[in-house]
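Take a look at the structure set out below.
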Amino acid sequence: MHWNLNNLNERVSDNKFVNDTICFFAHEVAHLYQNSRIGDIYGESDESWLHEGHADWLAASALQELYPDTREYVANKIDRYRNHCAKGLRQFPLVEAADKGRFDLYYSCGLLIHQAIDLALQKHAKKDIYSLWVDFRKQAETGDTKGSKVFLAHTEKWTSKALVNRINEVIESKLSSPENTLNQLATSK
């Protein structure tokens, strides 16, 4: 990764630039964690919320863990993502984002999905999103099926059918009130 900036010394004094940079690196490192010994386990391009949202949530989590003073930065990012995702879901279902040239929605909506899963895991299963991903990866590597169906089956096993139903609503539906749906996603058990 390389920055071709003439004013890098100046830019590093800007906290937002530094946090954006750390977050970007953490996102890319998260993709290394997602790797499978059999290659791609994420499914089709319309399922990109799975790995892009997961990488963004892992990056946000890492930032807060390693740099506690970034909590406000991460909270602002999540708020921006919630607004961005809601605006997109008002136009079409997340599953259609790739076909509509809106790959960006896989990051914003995906982060919100993985945040909700992680919070539910920590609250009820005493597990976390890392453990779920390991379980998902093992199943995808040994089975004929990969992608979001396997991931959501493991999510349901470790959390609840209600949460997975809400996630499917976010993925598969054009929403008239996406803000409500995303708020309910965040509070699903």
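Naming works like this for the structure tokens: A, B, ... for the chains as they're shown, residue 1 at the start of each chain, ligands 1 onward in shown order.
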
Quiz item: What are the DSSP helix (DSSP H, G or I) residues of chain A, as a PyMOL selection string?
Solution: chain A and resi 8-11+15-34+45-47+49-66+68-89+94-96+104-125+129-142+148-158+161-172+178-187

Within 10 Å of segment 121-132 of chain A: each segment 32-109 of chain A residue with its shortest pair, only C-alpha atoms, as JSON lines:
```
{"residue": "A:Tyr33", "atom": "CA", "partner": "A:Tyr130", "partner_atom": "CA", "distance": 9.2}
{"residue": "A:Gln34", "atom": "CA", "partner": "A:Tyr130", "partner_atom": "CA", "distance": 9.5}
{"residue": "A:His54", "atom": "CA", "partner": "A:Ile129", "partner_atom": "CA", "distance": 8.6}
{"residue": "A:Trp57", "atom": "CA", "partner": "A:Ile129", "partner_atom": "CA", "distance": 9.3}
{"residue": "A:Leu58", "atom": "CA", "partner": "A:Ile129", "partner_atom": "CA", "distance": 8.5}
```

Please dump the current selection as a PDB file, in the first residue's frame; keep C-alpha atoms.
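As a result, result.pdb now contains:
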```pdb
ATOM      1  CA  TYR A  33      -7.861 -13.483   8.217  1.00  0.00           C
ATOM      2  CA  GLN A  34     -10.821 -14.460   6.036  1.00  0.00           C
ATOM      3  CA  HIS A  54     -17.020  -8.370   7.838  1.00  0.00           C
ATOM      4  CA  TRP A  57     -16.518  -4.469  11.103  1.00  0.00           C
ATOM      5  CA  LEU A  58     -13.256  -6.187  12.071  1.00  0.00           C
TER       6      LEU A  58
END
```

Practice problem: Pick out the residues sitting within 7 Å of segment 70-85 of chain A, and hand them over as a list in words; count only C-alpha atoms, and ignore anything fewer than 4 positions along from it in its own chain. | Solution: Ala60, Leu63, Gln64, Leu89, Leu105, Ser108 and Cys109 of chain A

Selected residues, C-alpha atoms, written as a PDB file, in the first residue's frame, please.
```
ATOM      1  CA  ALA A  60     -13.736  -0.864  13.331  1.00  0.00           C
ATOM      2  CA  LEU A  63      -9.466   0.369  15.945  1.00  0.00           C
ATOM      3  CA  GLN A  64     -11.541   0.631  19.130  1.00  0.00           C
ATOM      4  CA  LEU A  89     -32.025   0.015   0.555  1.00  0.00           C
ATOM      5  CA  LEU A 105     -23.447  -0.774  -0.223  1.00  0.00           C
ATOM      6  CA  SER A 108     -21.901  -0.040   4.637  1.00  0.00           C
ATOM      7  CA  CYS A 109     -24.798  -2.489   4.960  1.00  0.00           C
TER       8      CYS A 109
END
```

Quiz prompt | Contact residues around Gly88 of chain A with only C-alpha atoms at 12 Å, ignoring same-chain residues under 2 positions, as a ChimeraX atom specification | solution = /A:81-86,90-98,100-109,170-171,173-179

Write a file of the just-selected residues containing C-alpha atoms, as a PDB file, in the first residue's frame.
```pdb
ATOM      1  CA  TYR A  81     -22.784   3.853   7.066  1.00  0.00           C
ATOM      2  CA  ARG A  82     -26.289   3.506   8.548  1.00  0.00           C
ATOM      3  CA  ASN A  83     -27.476   6.558   6.581  1.00  0.00           C
ATOM      4  CA  HIS A  84     -25.703   5.383   3.423  1.00  0.00           C
ATOM      5  CA  CYS A  85     -27.119   1.860   3.694  1.00  0.00           C
ATOM      6  CA  ALA A  86     -30.646   3.123   4.409  1.00  0.00           C
ATOM      7  CA  ARG A  90     -34.787   2.481  -0.178  1.00  0.00           C
ATOM      8  CA  GLN A  91     -33.912   2.092  -3.890  1.00  0.00           C
ATOM      9  CA  PHE A  92     -33.362  -1.687  -4.206  1.00  0.00           C
ATOM     10  CA  PRO A  93     -32.495  -4.808  -2.189  1.00  0.00           C
ATOM     11  CA  LEU A  94     -28.874  -5.294  -1.143  1.00  0.00           C
ATOM     12  CA  VAL A  95     -28.692  -8.454  -3.255  1.00  0.00           C
ATOM     13  CA  GLU A  96     -29.069  -6.234  -6.366  1.00  0.00           C
ATOM     14  CA  ALA A  97     -26.302  -3.775  -5.438  1.00  0.00           C
ATOM     15  CA  ALA A  98     -23.637  -5.332  -7.691  1.00  0.00           C
ATOM     16  CA  LYS A 100     -26.841  -1.695 -10.042  1.00  0.00           C
ATOM     17  CA  GLY A 101     -23.182  -0.635  -9.827  1.00  0.00           C
ATOM     18  CA  ARG A 102     -23.496   0.061  -6.086  1.00  0.00           C
ATOM     19  CA  PHE A 103     -20.829  -2.218  -4.665  1.00  0.00           C
ATOM     20  CA  ASP A 104     -20.287   0.433  -1.964  1.00  0.00           C
ATOM     21  CA  LEU A 105     -23.447  -0.774  -0.223  1.00  0.00           C
ATOM     22  CA  TYR A 106     -21.799  -4.100   0.570  1.00  0.00           C
ATOM     23  CA  TYR A 107     -19.388  -2.231   2.837  1.00  0.00           C
ATOM     24  CA  SER A 108     -21.901  -0.040   4.637  1.00  0.00           C
ATOM     25  CA  CYS A 109     -24.798  -2.489   4.960  1.00  0.00           C
ATOM     26  CA  VAL A 170     -31.917  -6.312   4.756  1.00  0.00           C
ATOM     27  CA  ILE A 171     -30.361  -8.457   2.017  1.00  0.00           C
ATOM     28  CA  SER A 173     -35.924  -6.562   0.317  1.00  0.00           C
ATOM     29  CA  LYS A 174     -36.363  -3.084  -1.038  1.00  0.00           C
ATOM     30  CA  LEU A 175     -37.311  -1.333   2.177  1.00  0.00           C
ATOM     31  CA  SER A 176     -39.812   1.484   2.527  1.00  0.00           C
ATOM     32  CA  SER A 177     -38.488   2.270   6.002  1.00  0.00           C
ATOM     33  CA  PRO A 178     -34.877   1.039   6.046  1.00  0.00           C
ATOM     34  CA  GLU A 179     -33.978   3.090   9.132  1.00  0.00           C
TER      35      GLU A 179
END
```

Quiz item: Between atom CA of Asp46 of chain A and atom CA of Thr21 of chain A, what is the distance, to one decimal in Å?
Solution: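 It comes out at 27.0 Å.
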
Quiz prompt | Shortest interatomic distance to Leu163 of chain A - which of A:Ala116, A:Thr145, A:His31, A:Pro68, counting only C-alpha atoms | solution =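 For Leu163 of chain A, the nearest of the given residues is A:Ala116.
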
Practice problem: Please provide as an NGL selection string all residues within 6 Å of Gly53 of chain A, with the sequence filter that same-chain residues fewer than 2 positions apart are discarded (counting only C-alpha atoms). | Solution: :A and (49-51 or 55-56 or 107 or 110-111)

Quiz item: Which value, in Å to one decimal, gives the distance between atom CA of Lys87 of chain A and atom CA of Ala26 of chain A?
Solution: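 It comes out at 26.2 Å.
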
Quiz prompt | Closest of A:Ala62, A:Lys161, A:Ala140, A:Asn6 to Phe25 of chain A - atom-to-atom distances counting only C-alpha atoms | solution = A:Ala62

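Compared by their closest atoms to Ser48 of chain A, and using only C-alpha atoms, the residues A:Ser148, A:Asn168, A:Ser13, A:Phe136 rank with A:Ser148 nearest.
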
Quiz item: Distance atom CA of Ala153 of chain A-atom CA of Glu44 of chain A, one decimal place?
Solution: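 For atom CA of Ala153 of chain A relative to atom CA of Glu44 of chain A, the distance reads 16.9 Å.
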
Self-check item: All residues 12 Å or closer to segment 9-12 of chain A, only C-alpha atoms, same chain fewer than 6 positions away omitted, as a PyMOL selection string
Solution: chain A and resi 3+18-22

Mind dumping the selected residues with C-alpha atoms as a PDB file, in the first residue's frame?
```pdb
ATOM      1  CA  TRP A   3       0.496   6.974  -0.703  1.00  0.00           C
ATOM      2  CA  VAL A  18      -4.599   8.879  10.481  1.00  0.00           C
ATOM      3  CA  ASN A  19      -7.762   7.027  11.566  1.00  0.00           C
ATOM      4  CA  ASP A  20      -8.878   6.537   7.946  1.00  0.00           C
ATOM      5  CA  THR A  21      -5.443   5.127   7.148  1.00  0.00           C
ATOM      6  CA  ILE A  22      -5.387   2.735  10.104  1.00  0.00           C
TER       7      ILE A  22
END
```
